[in-house]
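Next up, target_33.txt (compact mmCIF, C-alpha atoms):
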# COMPACT_ATOMS: atom_id res chain seq x y z
CA PHE O 74 11.03 -2.48 -22.22
CA PRO O 75 10.06 -4.74 -23.80
CA TYR O 76 12.76 -7.43 -23.83
CA LYS O 77 13.18 -9.77 -26.80
CA LYS O 78 12.85 -13.00 -24.77
CA HIS O 79 10.61 -11.51 -22.04
CA SER O 80 12.80 -12.97 -19.29
CA MET O 81 12.76 -9.86 -17.08
CA LEU O 82 11.50 -10.25 -13.54
CA ALA O 83 10.55 -7.49 -11.13
CA ILE O 84 11.52 -8.08 -7.50
CA PHE O 85 9.77 -5.85 -4.97
CA ILE O 86 11.13 -5.86 -1.42
CA HIS O 87 8.61 -4.14 0.82
CA LEU O 88 10.23 -1.83 3.37
CA ASP O 89 6.90 -0.85 4.94
CA ASN O 90 3.57 -2.60 5.42
CA THR O 91 1.51 -1.87 2.32
CA ASP O 92 -2.13 -1.81 1.34
CA PRO O 93 -4.20 0.17 -1.16
CA GLN O 94 -4.66 3.07 1.28
CA ASN O 95 -0.91 3.82 1.49
CA GLY O 96 -0.14 3.37 -2.19
CA GLY O 97 0.47 -0.37 -2.27
CA LEU O 98 0.71 -2.42 -5.40
CA GLY O 99 -2.21 -3.71 -7.46
CA VAL O 100 -1.81 -6.51 -10.02
CA PHE O 101 -3.86 -8.09 -12.79
CA PRO O 102 -3.34 -11.87 -12.36
CA GLY O 103 -2.78 -13.66 -15.67
CA SER O 104 -2.18 -10.45 -17.63
CA HIS O 105 1.43 -11.50 -18.32
CA LYS O 106 0.03 -14.16 -20.68
CA LYS O 107 -1.21 -11.40 -23.01
CA GLY O 108 2.37 -10.30 -23.80
CA PRO O 109 3.63 -6.72 -24.00
CA GLN O 110 0.95 -4.04 -23.82
CA PRO O 111 1.03 -0.75 -25.76
CA ASP O 112 2.37 2.32 -23.98
CA ALA O 113 -0.45 4.89 -23.74
CA SER O 114 1.81 7.77 -22.70
CA THR O 115 2.64 10.62 -25.06
CA THR O 116 5.17 12.14 -22.64
CA PRO O 117 8.84 11.16 -23.15
CA GLY O 118 10.20 9.20 -20.17
CA VAL O 119 6.73 8.51 -18.75
CA HIS O 120 5.21 5.08 -19.31
CA TYR O 121 1.75 3.77 -18.50
CA LEU O 122 -0.98 1.60 -19.96
CA ASP O 123 -4.45 2.56 -21.11
CA GLN O 124 -6.41 3.24 -17.92
CA GLY O 125 -9.69 2.30 -19.62
CA THR O 126 -8.35 -1.19 -20.32
CA TRP O 127 -6.42 -1.56 -17.04
CA PRO O 128 -8.10 0.61 -14.36
CA ILE O 129 -6.30 0.35 -11.01
CA SER O 130 -9.74 0.05 -9.40
CA SER O 131 -10.03 -3.41 -11.02
CA ALA O 132 -6.60 -4.62 -9.89
CA THR O 133 -6.06 -7.23 -7.18
CA PRO O 134 -4.48 -5.49 -4.17
CA VAL O 135 -1.19 -6.85 -2.81
CA GLN O 136 -1.28 -6.75 0.99
CA ALA O 137 2.33 -6.99 2.16
CA LYS O 138 4.25 -6.70 5.40
CA ALA O 139 7.64 -5.02 5.71
CA GLY O 140 10.20 -7.60 4.58
CA ASP O 141 7.85 -9.41 2.19
CA VAL O 142 9.27 -10.05 -1.28
CA LEU O 143 7.15 -10.18 -4.42
CA VAL O 144 8.62 -11.57 -7.66
CA PHE O 145 6.74 -11.42 -10.96
CA SER O 146 7.20 -11.18 -14.72
CA TYR O 147 7.59 -7.64 -15.95
CA LEU O 148 4.74 -8.44 -18.34
CA LEU O 149 2.29 -8.70 -15.41
CA VAL O 150 0.20 -5.54 -15.55
CA HIS O 151 0.71 -3.76 -12.23
CA GLY O 152 0.51 -0.32 -10.69
CA SER O 153 0.35 1.55 -7.41
CA TYR O 154 -2.76 2.92 -5.79
CA PRO O 155 -2.69 6.58 -4.77
CA ASN O 156 -1.44 7.02 -1.21
CA ILE O 157 -4.43 8.49 0.64
CA SER O 158 -3.02 7.81 4.12
CA ASP O 159 -0.50 9.54 6.33
CA LYS O 160 1.76 6.44 6.18
CA THR O 161 4.74 6.03 3.88
CA ARG O 162 5.00 3.16 1.43
CA ARG O 163 8.60 2.36 0.61
CA MET O 164 9.82 -0.56 -1.44
CA PHE O 165 13.05 -1.54 -3.13
CA LEU O 166 12.74 -2.62 -6.77
CA MET O 167 15.20 -4.80 -8.64
CA GLN O 168 14.76 -5.80 -12.25
CA VAL O 169 16.70 -8.79 -13.54
CA ALA O 170 16.76 -10.59 -16.86
CA GLU O 171 18.51 -13.59 -18.37
CA GLY O 172 22.02 -12.51 -19.46
CA SER O 173 21.55 -12.83 -23.21
CA ASP O 174 18.11 -11.18 -23.26
CA THR O 175 18.21 -7.63 -24.59
CA SER O 176 15.80 -4.76 -24.78
CA SER O 177 14.02 -4.45 -28.10
CA SER O 178 13.76 -0.67 -27.60
CA ASP O 179 15.69 2.13 -25.89
CA LYS O 180 12.37 3.67 -24.80
CA HIS O 181 12.71 2.56 -21.15
CA ARG O 182 16.38 1.67 -20.77
CA SER O 183 18.26 2.17 -17.52
CA PRO O 184 22.03 2.77 -17.26
CA GLY O 185 22.59 -0.67 -15.64
CA ALA O 186 20.69 -2.60 -18.31
CA GLY O 187 22.73 -5.49 -19.66
CA MET O 188 25.02 -5.90 -16.66
CA VAL O 189 25.17 -9.50 -15.44
CA LEU O 190 25.48 -10.96 -11.95
CA ARG O 191 26.96 -14.24 -13.15
CA GLY O 192 28.23 -15.47 -16.49
CA THR O 193 29.03 -13.47 -19.59
CA ASN O 194 27.00 -11.07 -21.66
CA LEU O 195 28.78 -11.05 -25.00
CA SER O 196 26.77 -8.08 -26.25
CA MET O 197 27.89 -5.67 -23.51
CA THR O 198 31.21 -4.23 -22.42
CA ALA O 199 32.44 -4.51 -18.83
CA ASP O 200 33.65 -0.89 -18.98
CA LEU O 201 31.57 0.94 -16.34
CA ASP O 202 31.88 4.22 -18.23
CA ARG O 203 30.18 2.59 -21.24
CA ARG O 204 27.83 0.16 -19.44
CA HIS O 205 24.69 1.74 -20.87
CA GLN O 206 25.87 1.62 -24.48
CA GLU O 207 25.47 -1.28 -26.90
CA ASN O 208 28.65 -2.72 -28.43
Translate this file's structure into structure tokens.
Amino acid sequence: FPYKKHSMLAIFIHLDNTDPQNGGLGVFPGSHKKGPQPDASTTPGVHYLDQGTWPISSATPVQAKAGDVLVFSYLLVHGSYPNISDKTRRMFLMQVAEGSDTSSSDKHRSPGAGMVLRGTNLSMTADLDRRHQEN
């Protein structure tokens, strides 16, 4: 993150019923319109936003049932509440972006970044052993 064209979407598939008590998701509606936010972390591989600016206590809770799907721009400020229950909260996350959109930083790059489901990405090789490397 971030991506040059900001086309990335996050797709959450809820595997359990979720609410704030079992670590469900909280979102800040409209925050995606503010663009990329600065990373407040000083720990390599750990990413989070300034908690004074975006406290999870001010987020809008997402109440979801198992099987519900939530799709949103990766620019939407979001986070999980602490799980204070004895229930699990499982979800499956997919992140997808338009094929020609590329990350503007290697700070938060996953090995599958740049692979396409349909079409051609001229900036990436189809060699699975090199899929995480730029051409």
Would you kindly return, as a ChimeraX atom specification, each protein, DNA or RNA residue with an atom no farther than 10 Å from any atom of Gly108 of chain O, considering only C-alpha atoms and excluding same-chain residues fewer than 6 positions away? /O:75,79,147-150
Which residues are near Ser80 of chain O? Cut-off 8 Å, all atoms listed in the file, ignore same chain within fewer than 3 positions. Put them as a list in words.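 The filter keeps Tyr76, Ser146, Ala170, Glu171 and Asp174 of chain O.
For the residues O:Asp89, O:Ala83, O:Gly96, O:His151, ranking by smallest atom-to-atom distance to Leu122 of chain O using all atoms listed in the file places O:His151 first.
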Residues near Ala132 of chain O, cut-off 8 Å, all atoms listed in the file, skip fewer than 6 positions along chain, as a list of chain:residue names: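 My reading of the contact set: O:Gly99, O:Val100, O:Phe101, O:His151.
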Okay, now the selection with C-alpha atoms, as a compact mmCIF listing (two decimals), keeping the file's coordinate frame?
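And here's again.txt as it stands now:
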# COMPACT_ATOMS: atom_id res chain seq x y z
CA GLY O 99 -2.21 -3.71 -7.46
CA VAL O 100 -1.81 -6.51 -10.02
CA PHE O 101 -3.86 -8.09 -12.79
CA HIS O 151 0.71 -3.76 -12.23
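Atom CA of Arg163 of chain O is found 22.7 Å from atom CA of Ser131 of chain O.
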